[in-house]
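First up is the structure itself, then whatever we jot down about it.
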Amino acid sequence: MHKSGFVNIIGSPNVGKSTLMNQLVGERISIITSKAQTTRHRIKGIVNGEDYQIVYSDTPGVLKPAYKLHDAMLGFVNEAFSDADVLLIVVDAEEEKINNDEVFEKILKTKTPMLLLLNKIDIFKSQEELNARVDYWKELIPNAEVVPFSALNKFNMDHIQKRIVELLPENPPFYPKDQLTDKSERFFVEEKLREKILLYYEKEIPYSVEVLVTEFKELPEIIRISTDIYVMRESQKGIIIGPNAAAIKRVGTAARKDLEVFFQKKIFLETFVKVKKDWRNDDNQLKRFGYR
C-alpha cells in the first residue's frame, strides 16, 4: 500500500504558515520574514517516505484584497481548497477569526479532512488558558481537528506529521521520489532577492517590488544570473539603489551568499532596478510575473 496526497496550508498573514511548511519539508522552501504578505505564490514542497509521498503547498495569507495582485494571491488560496486531500488551517494563538468571510465559509463547508493548527501557544500562561482556546476553535470550526503546536520550537510537529500520513488517501506517487519542489531554480532566485528586500527596506517599498530573472546560465564552476527588480515609482527606484548604490549592493551580496549555499556553487549575480508603474493592478504584468 502506498499513500500520496496534496496537503495545503491556509491561514492569515504572518501566522507561521511558511515556518510550518519549511519544518514539514525539512528544507527552506518558503521565504520567512516578520512582515505580513511575505508569501505571494503557491509553493509546493515534497516529502517522501518508503510508503508515502506528501505534497505540501504553502499559500499566501488570507486577506481582504486591495488591488489585483491581492486578488491573484487569494486565487491561489481558493485553488488550495479544490485539490487538497488534507487541509492545514494555521491560526495564531491570539487570533479570533479567519479575516475573510468567503474563505471562512469555505472552511466550514469543506468535506476535506482538516487539521486546525493553533500556533504560537507559548503566550498561554497555563494549560487551562490553552484548553479554553482549543475549545474556542473547536466550537467555531467543528469540522476541524484542533492541534496546538509551535512552528518555531517544533512542538507537536511529530504528531502533526503522523496525523497527516494517517489522513492521506491511497495513491501512487505524483512526483519522482527524489523531487523536492515544483518550482524552478529561477523562482528561488527571485524569492531570495525579494526576501532580502523585505528584510532591508521599510514601509511600502517591499510591497511595491517584484523580481524577475532574465538570465540563468549554469557553467561548470559558476552560475551566472541576471535579474530585474521592478518598482512602481522613480522615487522608489532611488531608495532601492541607495546612495552610491550601497543599498542594492547589500541586497545582492546577501542574496548571493544564500544562493551559493542553496545551489552549492559559486554565483555571479547582477541586479538592475526598473520602474513599471502600478504593476500590482496591471493584468499583463501580473501574468508576466506568474500570478495569472
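Convention: chains lettered A, B, ... in C-alpha cells order; per-chain residue numbering from 1; ligands numbered from 1 as shown.
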In segment 92-270 of chain A, DSSP alpha helix (DSSP H) residues written as a ChimeraX atom specification: /A:101-109,127-140,157-167,185-200,234-241,246-263
Using only C-alpha atoms, please write the residues we just selected to a file, as a JSON list (two decimals), in the first residue's frame.
```json
[["chain", "number", "residue", "atom", "x", "y", "z"],
["A", 101, "ASP", "CA", -15.69, 35.74, 5.18],
["A", 102, "GLU", "CA", -15.64, 33.88, 1.85],
["A", 103, "VAL", "CA", -12.67, 31.74, 2.89],
["A", 104, "PHE", "CA", -14.19, 31.13, 6.33],
["A", 105, "GLU", "CA", -17.40, 29.85, 4.71],
["A", 106, "LYS", "CA", -15.36, 27.50, 2.51],
["A", 107, "ILE", "CA", -13.61, 26.14, 5.59],
["A", 108, "LEU", "CA", -16.96, 25.47, 7.30],
["A", 109, "LYS", "CA", -18.38, 23.73, 4.23],
["A", 127, "GLN", "CA", -2.89, 24.68, 30.48],
["A", 128, "GLU", "CA", -6.37, 25.98, 31.28],
["A", 129, "GLU", "CA", -5.83, 29.02, 29.03],
["A", 130, "LEU", "CA", -4.63, 26.78, 26.20],
["A", 131, "ASN", "CA", -7.55, 24.38, 26.63],
["A", 132, "ALA", "CA", -10.01, 27.30, 26.53],
["A", 133, "ARG", "CA", -8.53, 28.49, 23.22],
["A", 134, "VAL", "CA", -8.63, 24.97, 21.76],
["A", 135, "ASP", "CA", -12.30, 24.69, 22.78],
["A", 136, "TYR", "CA", -13.00, 28.11, 21.20],
["A", 137, "TRP", "CA", -11.73, 26.95, 17.79],
["A", 138, "LYS", "CA", -13.47, 23.57, 18.10],
["A", 139, "GLU", "CA", -16.75, 25.42, 18.53],
["A", 140, "LEU", "CA", -16.02, 27.93, 15.75],
["A", 157, "MET", "CA", 5.42, 18.51, 14.89],
["A", 158, "ASP", "CA", 5.85, 14.73, 15.09],
["A", 159, "HIS", "CA", 2.17, 14.33, 15.96],
["A", 160, "ILE", "CA", 1.12, 16.60, 13.07],
["A", 161, "GLN", "CA", 3.23, 14.65, 10.57],
["A", 162, "LYS", "CA", 1.86, 11.33, 11.86],
["A", 163, "ARG", "CA", -1.76, 12.54, 11.54],
["A", 164, "ILE", "CA", -1.13, 13.82, 8.01],
["A", 165, "VAL", "CA", 0.19, 10.42, 6.87],
["A", 166, "GLU", "CA", -2.81, 8.73, 8.52],
["A", 167, "LEU", "CA", -5.21, 11.01, 6.61],
["A", 185, "GLU", "CA", 15.64, 27.41, -9.96],
["A", 186, "ARG", "CA", 14.78, 30.85, -11.33],
["A", 187, "PHE", "CA", 11.82, 31.09, -8.94],
["A", 188, "PHE", "CA", 14.05, 30.53, -5.90],
["A", 189, "VAL", "CA", 16.44, 33.23, -7.08],
["A", 190, "GLU", "CA", 13.54, 35.68, -7.40],
["A", 191, "GLU", "CA", 12.21, 34.75, -3.96],
["A", 192, "LYS", "CA", 15.62, 35.07, -2.32],
["A", 193, "LEU", "CA", 16.07, 38.60, -3.66],
["A", 194, "ARG", "CA", 12.54, 39.53, -2.61],
["A", 195, "GLU", "CA", 13.23, 38.15, 0.87],
["A", 196, "LYS", "CA", 16.26, 40.42, 1.28],
["A", 197, "ILE", "CA", 14.24, 43.41, 0.10],
["A", 198, "LEU", "CA", 11.56, 42.58, 2.69],
["A", 199, "LEU", "CA", 14.25, 42.42, 5.36],
["A", 200, "TYR", "CA", 16.22, 45.55, 4.45],
["A", 234, "GLU", "CA", 11.07, 56.61, -9.74],
["A", 235, "SER", "CA", 11.38, 57.67, -6.09],
["A", 236, "GLN", "CA", 11.23, 54.00, -5.07],
["A", 237, "LYS", "CA", 13.97, 53.17, -7.56],
["A", 238, "GLY", "CA", 16.25, 55.67, -5.82],
["A", 239, "ILE", "CA", 15.51, 54.15, -2.42],
["A", 240, "ILE", "CA", 16.18, 50.61, -3.63],
["A", 241, "ILE", "CA", 19.53, 51.61, -5.17],
["A", 246, "ALA", "CA", 25.14, 50.84, -1.37],
["A", 247, "ALA", "CA", 21.62, 49.57, -0.64],
["A", 248, "ILE", "CA", 21.27, 47.42, -3.76],
["A", 249, "LYS", "CA", 24.80, 46.06, -3.26],
["A", 250, "ARG", "CA", 23.83, 44.97, 0.25],
["A", 251, "VAL", "CA", 20.76, 43.15, -1.08],
["A", 252, "GLY", "CA", 22.72, 41.49, -3.89],
["A", 253, "THR", "CA", 25.55, 40.35, -1.62],
["A", 254, "ALA", "CA", 23.19, 38.85, 0.98],
["A", 255, "ALA", "CA", 21.13, 37.07, -1.69],
["A", 256, "ARG", "CA", 24.25, 35.77, -3.46],
["A", 257, "LYS", "CA", 25.63, 34.24, -0.25],
["A", 258, "ASP", "CA", 22.36, 32.41, 0.43],
["A", 259, "LEU", "CA", 22.11, 31.24, -3.18],
["A", 260, "GLU", "CA", 25.65, 29.84, -3.09],
["A", 261, "VAL", "CA", 24.60, 27.69, -0.13],
["A", 262, "PHE", "CA", 21.34, 26.70, -1.85],
["A", 263, "PHE", "CA", 22.94, 25.75, -5.18]]
```
So that I can check the surroundings of segment 18-21 of chain A, please list as a PDB file with C-alpha atoms, in the first residue's frame every protein, DNA and RNA residue that reaches within 8 Å of it, counting only C-alpha atoms and ignoring chain neighbours fewer than 4 positions away.
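Here's the written file selection.pdb:
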```pdb
ATOM      1  CA  ILE A   9      -1.644  25.163   4.181  1.00  0.00           C
ATOM      2  CA  VAL A  25       9.573  19.667   4.326  1.00  0.00           C
ATOM      3  CA  ILE A  29      11.353  26.256   0.542  1.00  0.00           C
ATOM      4  CA  SER A  30       9.320  29.332   1.566  1.00  0.00           C
ATOM      5  CA  ILE A  31      10.876  32.669   2.468  1.00  0.00           C
ATOM      6  CA  ILE A  32      10.245  33.879   6.011  1.00  0.00           C
ATOM      7  CA  THR A  39       4.371  34.658   0.534  1.00  0.00           C
ATOM      8  CA  GLY A  45       7.385  21.085  -1.144  1.00  0.00           C
ATOM      9  CA  TYR A  56       2.772  20.237   0.838  1.00  0.00           C
ATOM     10  CA  SER A  57       1.566  23.559  -0.530  1.00  0.00           C
ATOM     11  CA  ASP A  58       2.215  26.937   1.117  1.00  0.00           C
ATOM     12  CA  ALA A 151       6.290  26.055  14.403  1.00  0.00           C
ATOM     13  CA  LEU A 152       9.288  27.950  15.782  1.00  0.00           C
TER      14      LEU A 152
END
```
Backbone-only DSSP, strand (DSSP E or B) members of segment 243-277 of chain A, as a list in words: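 Secondary structure check on segment 243-277 of chain A, strand (DSSP E or B): Lys266, Ile267, Phe268, Leu269, Glu270, Thr271, Phe272, Val273, Lys274 and Val275 of chain A.
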Selected residues written out with C-alpha atoms, as a compact mmCIF listing (two decimals), in the first residue's frame:
```
# COMPACT_ATOMS: atom_id res chain seq x y z
CA LYS A 266 29.69 29.99 -6.89
CA ILE A 267 27.17 32.62 -8.04
CA PHE A 268 27.63 35.74 -10.16
CA LEU A 269 24.53 37.88 -9.58
CA GLU A 270 23.58 41.06 -11.46
CA THR A 271 20.67 43.25 -10.35
CA PHE A 272 19.00 46.02 -12.38
CA VAL A 273 16.26 48.25 -10.94
CA LYS A 274 13.44 49.30 -13.25
CA VAL A 275 10.13 51.17 -12.95
```
Shell of 8 Å around Lys154 of chain A, only C-alpha atoms, local chain residues under 4 positions omitted, as a ChimeraX atom specification: /A:23,149-150
